[in-house]
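**Student:** One structure, as structure tokens, below. Some questions next.
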Amino acid sequence: MTPLSHREADPASVECWVVTVSDSRTRATDTSGDLLALGLTGAGHRVTRRALLPNDAREIDRILAEASRDESVRAILLAGGTGVSSKDLTADAVLDAIERPLPGFGELFRFLSYQEIGSAAWLSRAVAGVTSTGKVVFALPGSSAACRTALEKLILPELCHLFGQIDK
């Protein structure tokens, strides 16, 4: 019998929610949410829900709690609200919702962003982690360029393997 590669037991696809957090975007102008949804589905994952929320802590907490209870979702990607203004609440809500932080995600995201935009990259509070119910939550900046960087260089290459590890 041939030993299995450590990635052979990983799921082939993951069910995802894409949530945009913004006071100014509409469904018609949600380019970051569209980019995330198209990128995920193009890679073989399923986007089972899309949402557009205001920068409101209660709304962000509500959607994270709802996702945590929904057995049909494994990953939640939130775009927007990871800056340093008083309106940027997503990173804080995600940090409150996760049980196991994945600090390497934010560190690598800021490193990759630094290569693209320079020193402003350290102003991002992008974070990721695993909830007590085994969901993975990513809090990404709202810009389409930042979402593309996170999705293409970090999330898509490891999403299935991440769940292969969580499900052990």
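Residue numbering restarts at 1 for every chain of the structure tokens, chains are lettered A, B, ... in their displayed order, and ligands are numbered from 1 as they appear.
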List every residue of stretch 61-162 of chain A that DSSP, applied to the backbone of this structure, assigns to alpha helix (DSSP H), and report them as an NGL selection string.

**Tutor:** :A and (61-69 or 90-97 or 103-117 or 144-150 or 156-162)

**Student:** At a cut-off of 9 Å, using only C-alpha atoms, what residues contact A:Gly129? Leave out same-chain residues fewer than 5 positions from it and give the result as a PyMOL selection string.

**Tutor:** chain A and resi 94-95+97-103+105+135-138

**Student:** Write out as a list in words the residues lying within 7 Å of A:Leu77, counting only C-alpha atoms and excluding same-chain residues fewer than 2 positions away.

**Tutor:** Trp17, Val18, Val19, Ala75, Ala79, Val137, Phe138 and Ala139 of chain A

**Student:** Would you pick out the contacts of A:Ser24 at 10 Å or less, using only C-alpha atoms, so that residues sharing its chain but fewer than 3 positions from it are not included, and give the list as a PyMOL selection string?

**Tutor:** chain A and resi 21+29-30+54-55

**Student:** Tell me which protein, DNA and RNA residues are within 7 Å of stretch 82-89 of chain A, counting only C-alpha atoms, leaving out same-chain ones fewer than 2 positions away, and put them as an MDAnalysis selection string.

**Tutor:** chainID A and resid 55 57 80 91:93 123:126 139:141

**Student:** Selected residues, C-alpha atoms, written as a PDB file, in the first residue's frame, please.

**Tutor:**
ATOM      1  CA  ASN A  55     -19.843  49.000   9.249  1.00  0.00           C
ATOM      2  CA  ALA A  57     -20.447  45.793  15.034  1.00  0.00           C
ATOM      3  CA  GLY A  80     -13.742  45.699   4.313  1.00  0.00           C
ATOM      4  CA  ALA A  91     -10.984  42.808  12.321  1.00  0.00           C
ATOM      5  CA  ASP A  92     -12.113  43.304  15.920  1.00  0.00           C
ATOM      6  CA  ALA A  93     -15.299  41.268  15.375  1.00  0.00           C
ATOM      7  CA  LEU A 123      -1.919  49.868   8.278  1.00  0.00           C
ATOM      8  CA  SER A 124      -3.943  46.768   7.390  1.00  0.00           C
ATOM      9  CA  ARG A 125      -5.406  44.701  10.204  1.00  0.00           C
ATOM     10  CA  ALA A 126      -6.177  41.691   7.981  1.00  0.00           C
ATOM     11  CA  ALA A 139     -11.004  39.537   7.369  1.00  0.00           C
ATOM     12  CA  LEU A 140      -9.625  41.263   4.281  1.00  0.00           C
ATOM     13  CA  PRO A 141      -9.271  44.904   3.282  1.00  0.00           C
TER      14      PRO A 141
END

**Student:** Skipping near chain neighbours, those fewer than 3 positions away, what residues fall within 12 Å of A:Glu158 using only C-alpha atoms, listed as an mmCIF file with N, CA and C atoms, in the first residue's frame?

**Tutor:**
data_model
loop_
_atom_site.group_PDB
_atom_site.id
_atom_site.type_symbol
_atom_site.label_atom_id
_atom_site.label_comp_id
_atom_site.auth_asym_id
_atom_site.auth_seq_id
_atom_site.Cartn_x
_atom_site.Cartn_y
_atom_site.Cartn_z
ATOM 1 N N ARG A 7 -1.722 15.775 1.502
ATOM 2 C CA ARG A 7 -2.804 16.585 0.939
ATOM 3 C C ARG A 7 -3.894 15.751 0.264
ATOM 4 N N ASP A 10 -7.334 15.940 1.803
ATOM 5 C CA ASP A 10 -7.975 17.255 1.860
ATOM 6 C C ASP A 10 -9.272 17.247 1.052
ATOM 7 N N PRO A 11 -10.266 18.026 1.469
ATOM 8 C CA PRO A 11 -11.484 18.117 0.657
ATOM 9 C C PRO A 11 -11.175 18.730 -0.708
ATOM 10 N N ALA A 12 -11.988 18.387 -1.694
ATOM 11 C CA ALA A 12 -11.784 18.911 -3.048
ATOM 12 C C ALA A 12 -12.287 20.339 -3.187
ATOM 13 N N SER A 13 -13.270 20.700 -2.367
ATOM 14 C CA SER A 13 -13.801 22.060 -2.421
ATOM 15 C C SER A 13 -14.364 22.428 -1.053
ATOM 16 N N VAL A 14 -14.624 23.720 -0.881
ATOM 17 C CA VAL A 14 -15.089 24.253 0.393
ATOM 18 C C VAL A 14 -16.289 25.155 0.137
ATOM 19 N N ALA A 43 -12.174 28.433 -8.763
ATOM 20 C CA ALA A 43 -11.238 27.439 -8.226
ATOM 21 C C ALA A 43 -11.959 26.172 -7.764
ATOM 22 N N PHE A 105 -1.332 34.374 8.468
ATOM 23 C CA PHE A 105 -2.111 34.942 7.366
ATOM 24 C C PHE A 105 -1.916 36.458 7.298
ATOM 25 N N VAL A 136 -13.473 28.727 9.222
ATOM 26 C CA VAL A 136 -12.333 29.617 9.055
ATOM 27 C C VAL A 136 -12.862 30.967 8.601
ATOM 28 N N ALA A 150 -4.844 38.528 -1.458
ATOM 29 C CA ALA A 150 -5.139 37.545 -0.412
ATOM 30 C C ALA A 150 -5.689 36.257 -1.004
ATOM 31 N N LEU A 151 -6.615 36.388 -1.930
ATOM 32 C CA LEU A 151 -7.255 35.212 -2.509
ATOM 33 C C LEU A 151 -6.272 34.377 -3.314
ATOM 34 N N GLU A 152 -5.582 35.014 -4.251
ATOM 35 C CA GLU A 152 -4.729 34.278 -5.176
ATOM 36 C C GLU A 152 -3.446 33.762 -4.543
ATOM 37 N N LYS A 153 -2.858 34.542 -3.636
ATOM 38 C CA LYS A 153 -1.553 34.162 -3.106
ATOM 39 C C LYS A 153 -1.606 33.420 -1.772
ATOM 40 N N LEU A 154 -2.714 33.548 -1.043
ATOM 41 C CA LEU A 154 -2.771 32.922 0.276
ATOM 42 C C LEU A 154 -3.952 31.978 0.448
ATOM 43 N N ILE A 155 -5.153 32.431 0.151
ATOM 44 C CA ILE A 155 -6.343 31.637 0.470
ATOM 45 C C ILE A 155 -6.508 30.445 -0.466
ATOM 46 N N HIS A 161 -6.363 22.449 1.983
ATOM 47 C CA HIS A 161 -5.421 21.843 2.928
ATOM 48 C C HIS A 161 -5.715 22.311 4.359
ATOM 49 N N LEU A 162 -6.120 23.536 4.511
ATOM 50 C CA LEU A 162 -6.485 24.043 5.826
ATOM 51 C C LEU A 162 -7.597 23.191 6.447
ATOM 52 N N PHE A 163 -8.611 22.856 5.646
ATOM 53 C CA PHE A 163 -9.673 22.019 6.166
ATOM 54 C C PHE A 163 -9.262 20.566 6.324
ATOM 55 N N GLY A 164 -8.325 20.118 5.506
ATOM 56 C CA GLY A 164 -7.758 18.790 5.734
ATOM 57 C C GLY A 164 -7.109 18.697 7.106
ATOM 58 N N GLN A 165 -6.470 19.777 7.533
ATOM 59 C CA GLN A 165 -5.847 19.825 8.844
ATOM 60 C C GLN A 165 -6.879 19.973 9.957
#
